[in-house]
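Notes to accompany the following structure.
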Amino acid sequence: MYNLTDIGTVKDILAKHGFHFSKALGQNFIINPSVCPRMAEESGIDESCGVIEIGAGVGVLTAELAKRAKKVVVIEIDTKLLPVLDETLKDFDNIEIINQDVLKTDLAALIKEKFDGMPVYVCANLPYYITSPVIMALLESRLPIEAVTVMVQKEAAQRLCAPVGSRLSGAVTVAVDYYAKAQKLFDVSSGSFMPAPKVDSAVIRMDIRKQPEIEVSDESLFFKMVHAAFGQRRKTAANSISAGSGIPKDVVIKAIEECGFPPSVRAEGLSMQELADLSEKIHHLLKNS
Ligand code: SAM
């Protein structure tokens, strides 16, 4: 079995296969030996589980997942990594590699086809250029998954795990909190990667809620309102919501008043339940107008 955190070993294998790192594909591979075992360990998987990994690199995390799970399906876009992975993961018989763009993959169909009733987890060191679309696709499509453990940029981790209603929260924080319970697991310094990126990273875990955090009658109105509210976060909620969502300003002002919020309230000062209440009032006023 290869030591995939040994720089010399990894460089030799990559050179043998004529592989060159692609910045555009976010190819920064983990070389810190403690990171992948810890990620796999804290992701919640055990030998009864199926795991989807996004982006294999040289397979350093894939191997740690395969040691602990029943089956690992890894989606890797870069065809040039396939011969590398054939070599580095040859000792495992529970790994399947799918050479595809994760954003074009039907994950619901994949889960049905590959995991046959197993509890399914997602664990990945995400390419940073697709962090948000991947996380939102995983959450919004309501896939039958238990938890998503991903490495993201440190700033993104702070926003994703911020309490709703705090200064760091944003539309993505609300969306994550609606579908999952998010927590930061640990920080990862830029020196843990080859090549080293300019920024530090953090690993976060999102445990998928069986039921959304709050109840709203019109989910699409709720998210439209939230996106508008945080779109211009320095403005009052009344101004940002009406400007960004097309909901008439008098309706938004009335809803804010009926909720008992001050007219100057801003989105970042509202809790999850308060945002839900505001969306319910707007829904009601629009329905009766
Ligand atoms: N898991 C490895 C590790 O931890 O060292 C590699 C992580 S590296 C940050 C991201 C990986 O995602 C690369 O192998 C890259 O080729 C792959 N990747 C980039 N865009 C992708 C996409 N749209 N779909 C699937 N894989 C992608």
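Lettering and numbering for the structure tokens are positional, with chains as A, B, ... in the shown order, residues counted from 1 in each chain, and ligands counted from 1 in the shown order.
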Residues within 8 Å of Ala182 (chain A), only C-alpha atoms, excluding chain neighbours under 6 positions, as a ChimeraX atom specification: /A:160-161,176,204-207
Export of the given selection (C-alpha atoms) as a PDB file, in the first residue's frame:
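Wrote part-v3.pdb, looks like this:
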ATOM      1  CA  LEU A 160     -21.637  28.005   6.559  1.00  0.00           C
ATOM      2  CA  CYS A 161     -21.503  27.238  10.291  1.00  0.00           C
ATOM      3  CA  VAL A 176     -27.652  25.218   5.329  1.00  0.00           C
ATOM      4  CA  ILE A 204     -17.156  21.042   8.447  1.00  0.00           C
ATOM      5  CA  ARG A 205     -19.847  18.442   8.995  1.00  0.00           C
ATOM      6  CA  MET A 206     -23.499  18.967   8.097  1.00  0.00           C
ATOM      7  CA  ASP A 207     -25.892  16.431   9.608  1.00  0.00           C
TER       8      ASP A 207
END
Write out as a PDB file with N, CA and C atoms, in the first residue's frame all residues of region 129-253 of chain A that backbone DSSP assigns to strand (DSSP E or B).
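Just written: out-v8.pdb:
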ATOM      1  N   ALA A 147     -25.129  12.607   6.317  1.00  0.00           N
ATOM      2  CA  ALA A 147     -24.289  13.750   6.664  1.00  0.00           C
ATOM      3  C   ALA A 147     -23.313  14.052   5.533  1.00  0.00           C
ATOM      4  N   VAL A 148     -22.900  15.302   5.481  1.00  0.00           N
ATOM      5  CA  VAL A 148     -21.937  15.754   4.480  1.00  0.00           C
ATOM      6  C   VAL A 148     -20.743  16.339   5.235  1.00  0.00           C
ATOM      7  N   THR A 149     -19.574  15.734   5.067  1.00  0.00           N
ATOM      8  CA  THR A 149     -18.366  16.257   5.721  1.00  0.00           C
ATOM      9  C   THR A 149     -17.433  16.740   4.619  1.00  0.00           C
ATOM     10  N   VAL A 150     -17.159  18.046   4.616  1.00  0.00           N
ATOM     11  CA  VAL A 150     -16.361  18.587   3.521  1.00  0.00           C
ATOM     12  C   VAL A 150     -15.308  19.562   4.016  1.00  0.00           C
ATOM     13  N   MET A 151     -14.196  19.584   3.272  1.00  0.00           N
ATOM     14  CA  MET A 151     -13.187  20.597   3.526  1.00  0.00           C
ATOM     15  C   MET A 151     -13.448  21.760   2.589  1.00  0.00           C
ATOM     16  N   VAL A 152     -13.508  22.952   3.158  1.00  0.00           N
ATOM     17  CA  VAL A 152     -13.780  24.158   2.366  1.00  0.00           C
ATOM     18  C   VAL A 152     -12.822  25.254   2.841  1.00  0.00           C
ATOM     19  N   GLN A 153     -12.807  26.392   2.132  1.00  0.00           N
ATOM     20  CA  GLN A 153     -11.984  27.506   2.602  1.00  0.00           C
ATOM     21  C   GLN A 153     -12.452  27.938   3.984  1.00  0.00           C
ATOM     22  N   ALA A 180     -29.841  21.305   7.434  1.00  0.00           N
ATOM     23  CA  ALA A 180     -28.840  20.515   8.164  1.00  0.00           C
ATOM     24  C   ALA A 180     -28.380  21.227   9.424  1.00  0.00           C
ATOM     25  N   LYS A 181     -27.727  20.444  10.281  1.00  0.00           N
ATOM     26  CA  LYS A 181     -27.119  21.026  11.484  1.00  0.00           C
ATOM     27  C   LYS A 181     -25.616  21.035  11.210  1.00  0.00           C
ATOM     28  N   ALA A 182     -25.062  22.247  11.082  1.00  0.00           N
ATOM     29  CA  ALA A 182     -23.663  22.332  10.651  1.00  0.00           C
ATOM     30  C   ALA A 182     -22.731  22.621  11.817  1.00  0.00           C
ATOM     31  N   GLN A 183     -21.558  22.020  11.790  1.00  0.00           N
ATOM     32  CA  GLN A 183     -20.539  22.328  12.802  1.00  0.00           C
ATOM     33  C   GLN A 183     -19.155  22.265  12.172  1.00  0.00           C
ATOM     34  N   LYS A 184     -18.268  23.119  12.686  1.00  0.00           N
ATOM     35  CA  LYS A 184     -16.888  23.047  12.209  1.00  0.00           C
ATOM     36  C   LYS A 184     -16.171  21.957  12.985  1.00  0.00           C
ATOM     37  N   LEU A 185     -15.450  21.086  12.290  1.00  0.00           N
ATOM     38  CA  LEU A 185     -14.726  20.020  12.985  1.00  0.00           C
ATOM     39  C   LEU A 185     -13.303  20.465  13.336  1.00  0.00           C
ATOM     40  N   PHE A 186     -12.536  20.923  12.326  1.00  0.00           N
ATOM     41  CA  PHE A 186     -11.173  21.374  12.629  1.00  0.00           C
ATOM     42  C   PHE A 186     -10.589  22.199  11.472  1.00  0.00           C
ATOM     43  N   ASP A 187      -9.568  22.982  11.797  1.00  0.00           N
ATOM     44  CA  ASP A 187      -8.891  23.808  10.790  1.00  0.00           C
ATOM     45  C   ASP A 187      -7.785  23.011  10.109  1.00  0.00           C
ATOM     46  N   VAL A 188      -7.488  23.373   8.884  1.00  0.00           N
ATOM     47  CA  VAL A 188      -6.396  22.733   8.140  1.00  0.00           C
ATOM     48  C   VAL A 188      -5.554  23.848   7.508  1.00  0.00           C
ATOM     49  N   PHE A 193      -1.284  20.991   2.078  1.00  0.00           N
ATOM     50  CA  PHE A 193      -1.609  20.602   0.699  1.00  0.00           C
ATOM     51  C   PHE A 193      -0.396  20.689  -0.216  1.00  0.00           C
ATOM     52  N   MET A 194      -0.477  19.924  -1.298  1.00  0.00           N
ATOM     53  CA  MET A 194       0.495  20.055  -2.383  1.00  0.00           C
ATOM     54  C   MET A 194      -0.280  20.266  -3.681  1.00  0.00           C
ATOM     55  N   SER A 201      -7.886  26.269   5.295  1.00  0.00           N
ATOM     56  CA  SER A 201      -9.143  25.550   5.090  1.00  0.00           C
ATOM     57  C   SER A 201      -9.701  25.092   6.425  1.00  0.00           C
ATOM     58  N   ALA A 202     -10.899  24.536   6.375  1.00  0.00           N
ATOM     59  CA  ALA A 202     -11.484  23.931   7.574  1.00  0.00           C
ATOM     60  C   ALA A 202     -12.406  22.804   7.124  1.00  0.00           C
ATOM     61  N   VAL A 203     -12.545  21.825   7.990  1.00  0.00           N
ATOM     62  CA  VAL A 203     -13.459  20.713   7.704  1.00  0.00           C
ATOM     63  C   VAL A 203     -14.745  20.956   8.480  1.00  0.00           C
ATOM     64  N   ILE A 204     -15.865  20.869   7.776  1.00  0.00           N
ATOM     65  CA  ILE A 204     -17.156  21.042   8.447  1.00  0.00           C
ATOM     66  C   ILE A 204     -18.005  19.798   8.230  1.00  0.00           C
ATOM     67  N   ARG A 205     -18.925  19.580   9.144  1.00  0.00           N
ATOM     68  CA  ARG A 205     -19.847  18.442   8.995  1.00  0.00           C
ATOM     69  C   ARG A 205     -21.279  18.966   9.085  1.00  0.00           C
ATOM     70  N   MET A 206     -22.093  18.577   8.109  1.00  0.00           N
ATOM     71  CA  MET A 206     -23.499  18.967   8.097  1.00  0.00           C
ATOM     72  C   MET A 206     -24.351  17.716   8.250  1.00  0.00           C
ATOM     73  N   ASP A 207     -25.000  17.576   9.384  1.00  0.00           N
ATOM     74  CA  ASP A 207     -25.892  16.431   9.608  1.00  0.00           C
ATOM     75  C   ASP A 207     -27.271  16.805   9.073  1.00  0.00           C
ATOM     76  N   ILE A 208     -27.745  16.005   8.127  1.00  0.00           N
ATOM     77  CA  ILE A 208     -28.993  16.347   7.433  1.00  0.00           C
ATOM     78  C   ILE A 208     -30.180  16.179   8.383  1.00  0.00           C
TER      79      ILE A 208
END
Would you write out, as a tab-separated table, a table of all residues in chain A that have an atom no more than 8 Å from an atom of ligand 1, listing for each the closest atom pair and the distance in Å to one decimal, considering only C-alpha atoms and all ligand atoms and ordering rows by chain and rising residue number?
residue	atom	partner	partner_atom_place_in_ligand_line	distance
A:Ser22	CA	ligand 1	16 (O)	7.5
A:Ala24	CA	ligand 1	19 (C)	7.9
A:Leu25	CA	ligand 1	19 (C)	4.2
A:Gly26	CA	ligand 1	9 (C)	5.3
A:Gln27	CA	ligand 1	8 (S)	4.3
A:Asn28	CA	ligand 1	9 (C)	4.5
A:Phe29	CA	ligand 1	5 (O)	3.2
A:Ile30	CA	ligand 1	5 (O)	3.9
A:Ile31	CA	ligand 1	5 (O)	7.2
A:Cys36	CA	ligand 1	4 (O)	7.3
A:Glu53	CA	ligand 1	1 (N)	7.6
A:Ile54	CA	ligand 1	26 (N)	5.4
A:Gly55	CA	ligand 1	12 (O)	3.1
A:Ala56	CA	ligand 1	1 (N)	4.2
A:Gly57	CA	ligand 1	14 (O)	3.4
A:Val58	CA	ligand 1	2 (C)	6.2
A:Gly59	CA	ligand 1	2 (C)	6.0
A:Val60	CA	ligand 1	5 (O)	5.7
A:Leu61	CA	ligand 1	1 (N)	5.3
A:Thr62	CA	ligand 1	1 (N)	6.8
A:Ile75	CA	ligand 1	25 (C)	5.2
A:Glu76	CA	ligand 1	26 (N)	3.9
A:Ile77	CA	ligand 1	25 (C)	4.2
A:Asp78	CA	ligand 1	16 (O)	4.9
A:Leu81	CA	ligand 1	14 (O)	7.5
A:Asn99	CA	ligand 1	25 (C)	7.7
A:Gln100	CA	ligand 1	25 (C)	6.0
A:Asp101	CA	ligand 1	24 (N)	3.6
A:Val102	CA	ligand 1	24 (N)	3.9
A:Leu103	CA	ligand 1	23 (N)	5.8
A:Lys104	CA	ligand 1	23 (N)	8.0
A:Ala124	CA	ligand 1	1 (N)	6.1
A:Asn125	CA	ligand 1	4 (O)	4.8
A:Leu126	CA	ligand 1	9 (C)	5.2
A:Pro127	CA	ligand 1	10 (C)	4.2
A:Tyr128	CA	ligand 1	9 (C)	7.0
A:Tyr129	CA	ligand 1	20 (N)	7.8
A:Ile130	CA	ligand 1	23 (N)	7.0
A:Phe193	CA	ligand 1	5 (O)	7.4
Just N, CA and C atoms for this one: save the residues we selected as an mmCIF file, in the first residue's frame.
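Just written: out_38.cif:
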data_model
loop_
_atom_site.group_PDB
_atom_site.id
_atom_site.type_symbol
_atom_site.label_atom_id
_atom_site.label_comp_id
_atom_site.auth_asym_id
_atom_site.auth_seq_id
_atom_site.Cartn_x
_atom_site.Cartn_y
_atom_site.Cartn_z
ATOM 1 N N SER A 22 -3.805 20.859 -12.172
ATOM 2 C CA SER A 22 -4.643 21.873 -12.811
ATOM 3 C C SER A 22 -5.201 22.800 -11.742
ATOM 4 N N ALA A 24 -7.264 25.205 -12.413
ATOM 5 C CA ALA A 24 -8.678 25.413 -12.758
ATOM 6 C C ALA A 24 -9.576 24.355 -12.112
ATOM 7 N N LEU A 25 -9.022 23.150 -11.903
ATOM 8 C CA LEU A 25 -9.836 22.080 -11.289
ATOM 9 C C LEU A 25 -9.659 22.035 -9.770
ATOM 10 N N GLY A 26 -8.996 23.036 -9.213
ATOM 11 C CA GLY A 26 -8.840 23.107 -7.755
ATOM 12 C C GLY A 26 -8.019 21.954 -7.208
ATOM 13 N N GLN A 27 -6.960 21.568 -7.954
ATOM 14 C CA GLN A 27 -6.192 20.386 -7.542
ATOM 15 C C GLN A 27 -5.098 20.727 -6.518
ATOM 16 N N ASN A 28 -5.479 20.689 -5.263
ATOM 17 C CA ASN A 28 -4.531 20.812 -4.147
ATOM 18 C C ASN A 28 -4.725 19.546 -3.325
ATOM 19 N N PHE A 29 -3.724 18.690 -3.337
ATOM 20 C CA PHE A 29 -3.879 17.373 -2.708
ATOM 21 C C PHE A 29 -3.333 17.393 -1.279
ATOM 22 N N ILE A 30 -4.014 16.663 -0.407
ATOM 23 C CA ILE A 30 -3.611 16.616 1.006
ATOM 24 C C ILE A 30 -2.324 15.805 1.184
ATOM 25 N N ILE A 31 -1.356 16.417 1.882
ATOM 26 C CA ILE A 31 -0.115 15.680 2.191
ATOM 27 C C ILE A 31 0.153 15.620 3.703
ATOM 28 N N CYS A 36 -6.621 13.327 6.618
ATOM 29 C CA CYS A 36 -7.635 12.416 6.036
ATOM 30 C C CYS A 36 -8.140 11.363 7.034
ATOM 31 N N GLU A 53 -17.518 10.260 -2.455
ATOM 32 C CA GLU A 53 -16.457 11.266 -2.366
ATOM 33 C C GLU A 53 -16.463 12.069 -3.673
ATOM 34 N N ILE A 54 -16.183 13.349 -3.571
ATOM 35 C CA ILE A 54 -16.128 14.193 -4.765
ATOM 36 C C ILE A 54 -14.684 14.630 -4.952
ATOM 37 N N GLY A 55 -14.064 14.199 -6.027
ATOM 38 C CA GLY A 55 -12.684 14.581 -6.318
ATOM 39 C C GLY A 55 -11.680 13.706 -5.597
ATOM 40 N N ALA A 56 -11.066 12.756 -6.330
ATOM 41 C CA ALA A 56 -10.191 11.775 -5.666
ATOM 42 C C ALA A 56 -8.761 12.254 -5.495
ATOM 43 N N GLY A 57 -8.281 13.114 -6.399
ATOM 44 C CA GLY A 57 -6.849 13.435 -6.384
ATOM 45 C C GLY A 57 -6.059 12.154 -6.575
ATOM 46 N N VAL A 58 -5.087 11.894 -5.681
ATOM 47 C CA VAL A 58 -4.336 10.629 -5.767
ATOM 48 C C VAL A 58 -4.980 9.543 -4.900
ATOM 49 N N GLY A 59 -6.115 9.865 -4.281
ATOM 50 C CA GLY A 59 -6.841 8.843 -3.524
ATOM 51 C C GLY A 59 -6.504 8.810 -2.047
ATOM 52 N N VAL A 60 -5.916 9.892 -1.536
ATOM 53 C CA VAL A 60 -5.457 9.877 -0.144
ATOM 54 C C VAL A 60 -6.629 9.811 0.843
ATOM 55 N N LEU A 61 -7.702 10.554 0.550
ATOM 56 C CA LEU A 61 -8.896 10.472 1.406
ATOM 57 C C LEU A 61 -9.711 9.220 1.052
ATOM 58 N N THR A 62 -9.758 8.910 -0.229
ATOM 59 C CA THR A 62 -10.500 7.726 -0.703
ATOM 60 C C THR A 62 -10.062 6.476 0.074
ATOM 61 N N ILE A 75 -16.374 10.420 -7.381
ATOM 62 C CA ILE A 75 -16.628 11.069 -8.665
ATOM 63 C C ILE A 75 -15.443 11.991 -8.954
ATOM 64 N N GLU A 76 -14.710 11.704 -10.020
ATOM 65 C CA GLU A 76 -13.512 12.491 -10.357
ATOM 66 C C GLU A 76 -13.607 12.931 -11.811
ATOM 67 N N ILE A 77 -13.480 14.235 -12.034
ATOM 68 C CA ILE A 77 -13.655 14.786 -13.384
ATOM 69 C C ILE A 77 -12.430 14.573 -14.271
ATOM 70 N N ASP A 78 -11.238 14.497 -13.663
ATOM 71 C CA ASP A 78 -10.003 14.525 -14.450
ATOM 72 C C ASP A 78 -9.585 13.121 -14.905
ATOM 73 N N LEU A 81 -6.278 11.434 -13.999
ATOM 74 C CA LEU A 81 -6.029 10.825 -12.683
ATOM 75 C C LEU A 81 -6.409 9.338 -12.644
ATOM 76 N N ASN A 99 -15.785 8.631 -13.639
ATOM 77 C CA ASN A 99 -15.082 9.745 -14.289
ATOM 78 C C ASN A 99 -16.108 10.728 -14.853
ATOM 79 N N GLN A 100 -16.487 11.685 -14.029
ATOM 80 C CA GLN A 100 -17.591 12.561 -14.370
ATOM 81 C C GLN A 100 -17.487 13.886 -13.614
ATOM 82 N N ASP A 101 -18.179 14.903 -14.122
ATOM 83 C CA ASP A 101 -18.328 16.178 -13.427
ATOM 84 C C ASP A 101 -19.432 15.998 -12.386
ATOM 85 N N VAL A 102 -19.121 16.257 -11.120
ATOM 86 C CA VAL A 102 -20.135 16.039 -10.073
ATOM 87 C C VAL A 102 -21.370 16.906 -10.319
ATOM 88 N N LEU A 103 -21.173 18.083 -10.915
ATOM 89 C CA LEU A 103 -22.322 18.979 -11.129
ATOM 90 C C LEU A 103 -23.249 18.457 -12.228
ATOM 91 N N LYS A 104 -22.757 17.490 -13.001
ATOM 92 C CA LYS A 104 -23.616 16.917 -14.051
ATOM 93 C C LYS A 104 -24.044 15.499 -13.680
ATOM 94 N N ALA A 124 -15.639 14.805 1.396
ATOM 95 C CA ALA A 124 -14.813 15.288 0.294
ATOM 96 C C ALA A 124 -13.967 16.483 0.693
ATOM 97 N N ASN A 125 -12.814 16.543 0.046
ATOM 98 C CA ASN A 125 -12.005 17.755 0.075
ATOM 99 C C ASN A 125 -12.387 18.482 -1.207
ATOM 100 N N LEU A 126 -13.336 19.396 -1.097
ATOM 101 C CA LEU A 126 -13.972 19.957 -2.292
ATOM 102 C C LEU A 126 -13.043 20.881 -3.067
ATOM 103 N N PRO A 127 -13.108 20.780 -4.415
ATOM 104 C CA PRO A 127 -12.429 21.818 -5.206
ATOM 105 C C PRO A 127 -13.139 23.139 -4.925
ATOM 106 N N TYR A 128 -12.367 24.168 -4.551
ATOM 107 C CA TYR A 128 -13.006 25.365 -4.002
ATOM 108 C C TYR A 128 -13.901 26.098 -4.992
ATOM 109 N N TYR A 129 -13.622 25.933 -6.305
ATOM 110 C CA TYR A 129 -14.419 26.716 -7.264
ATOM 111 C C TYR A 129 -15.871 26.230 -7.344
ATOM 112 N N ILE A 130 -16.165 25.061 -6.781
ATOM 113 C CA ILE A 130 -17.563 24.588 -6.829
ATOM 114 C C ILE A 130 -18.133 24.325 -5.425
ATOM 115 N N PHE A 193 -1.284 20.991 2.078
ATOM 116 C CA PHE A 193 -1.609 20.602 0.699
ATOM 117 C C PHE A 193 -0.396 20.689 -0.216
#
Please return as a ChimeraX atom specification: the residues of region 45-277 of chain A that backbone DSSP assigns to alpha helix (DSSP H). /A:60-68,82-88,107-115,131-140,154-161,171-179,219-231,237-245,249-259,272-277
With a distance cut-off of 9 Å and only C-alpha atoms, select the neighbouring residues of Gln232 (chain A), excluding the residue or stretch itself and same-chain residues fewer than 4 positions from it, and output the selection as a PyMOL selection string. chain A and resi 228+236-237+239-241+243-244
Only N, CA and C atoms, please: the residues just picked out, written as a PDB file, in the first residue's frame.
ATOM      1  N   ALA A 228     -32.853  37.832  -1.188  1.00  0.00           N
ATOM      2  CA  ALA A 228     -32.965  39.289  -1.355  1.00  0.00           C
ATOM      3  C   ALA A 228     -32.515  40.000  -0.077  1.00  0.00           C
ATOM      4  N   THR A 236     -31.787  48.130   5.123  1.00  0.00           N
ATOM      5  CA  THR A 236     -32.778  47.538   6.028  1.00  0.00           C
ATOM      6  C   THR A 236     -33.419  46.350   5.303  1.00  0.00           C
ATOM      7  N   ALA A 237     -33.992  45.430   6.082  1.00  0.00           N
ATOM      8  CA  ALA A 237     -34.635  44.264   5.478  1.00  0.00           C
ATOM      9  C   ALA A 237     -35.751  44.711   4.527  1.00  0.00           C
ATOM     10  N   ASN A 239     -35.961  47.399   2.660  1.00  0.00           N
ATOM     11  CA  ASN A 239     -35.404  47.849   1.375  1.00  0.00           C
ATOM     12  C   ASN A 239     -34.790  46.704   0.582  1.00  0.00           C
ATOM     13  N   SER A 240     -33.995  45.875   1.256  1.00  0.00           N
ATOM     14  CA  SER A 240     -33.309  44.818   0.496  1.00  0.00           C
ATOM     15  C   SER A 240     -34.298  43.777  -0.026  1.00  0.00           C
ATOM     16  N   ILE A 241     -35.290  43.419   0.781  1.00  0.00           N
ATOM     17  CA  ILE A 241     -36.244  42.399   0.324  1.00  0.00           C
ATOM     18  C   ILE A 241     -37.062  42.937  -0.863  1.00  0.00           C
ATOM     19  N   ALA A 243     -36.328  45.371  -2.921  1.00  0.00           N
ATOM     20  CA  ALA A 243     -35.496  45.630  -4.111  1.00  0.00           C
ATOM     21  C   ALA A 243     -35.059  44.327  -4.785  1.00  0.00           C
ATOM     22  N   GLY A 244     -34.781  43.309  -3.992  1.00  0.00           N
ATOM     23  CA  GLY A 244     -34.187  42.102  -4.562  1.00  0.00           C
ATOM     24  C   GLY A 244     -35.166  40.992  -4.913  1.00  0.00           C
TER      25      GLY A 244
END
Point-to-point distance from CA of His17 (chain A) to CA of Lys80 (chain A), Å rounded to tenths: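 CA of Lys80 (chain A) lies 8.1 Å from CA of His17 (chain A).
Contact shell of Gln273 (chain A) at 9 Å (only C-alpha atoms; same-chain neighbours under 6 positions omitted): Glu213, Ile214 and Glu215 of chain A.
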Once you have the residues from the selection above, write them out as a PDB file, in the first residue's frame, restricted to N, CA and C atoms.
ATOM      1  N   GLU A 213     -35.553  22.835   9.697  1.00  0.00           N
ATOM      2  CA  GLU A 213     -35.431  23.512  10.993  1.00  0.00           C
ATOM      3  C   GLU A 213     -36.696  24.285  11.356  1.00  0.00           C
ATOM      4  N   ILE A 214     -37.326  24.911  10.349  1.00  0.00           N
ATOM      5  CA  ILE A 214     -38.548  25.688  10.602  1.00  0.00           C
ATOM      6  C   ILE A 214     -39.589  25.285   9.551  1.00  0.00           C
ATOM      7  N   GLU A 215     -40.849  25.640   9.837  1.00  0.00           N
ATOM      8  CA  GLU A 215     -41.900  25.283   8.876  1.00  0.00           C
ATOM      9  C   GLU A 215     -42.353  26.526   8.132  1.00  0.00           C
TER      10      GLU A 215
END
If you count only C-alpha atoms, which residues fall within 12 Å of Ala109 (chain A), apart from same-chain ones fewer than 4 positions away, as a ChimeraX atom specification? /A:105,113-116,141,143-144
Got a sec: who's within 9 Å of Phe19 (chain A), counting only C-alpha atoms, leaving out chain neighbours fewer than 3 positions off, as a list in words?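 Using only C-alpha atoms, the neighbours found are Ile13, Leu14, Ala15, Lys16, Lys80, Leu81 and Val84 of chain A.
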Residue contacts of Asp218 (chain A) (9 Å, only C-alpha atoms) excluding same-chain residues fewer than 5 positions away, as a ChimeraX atom specification: /A:223,279-280,283
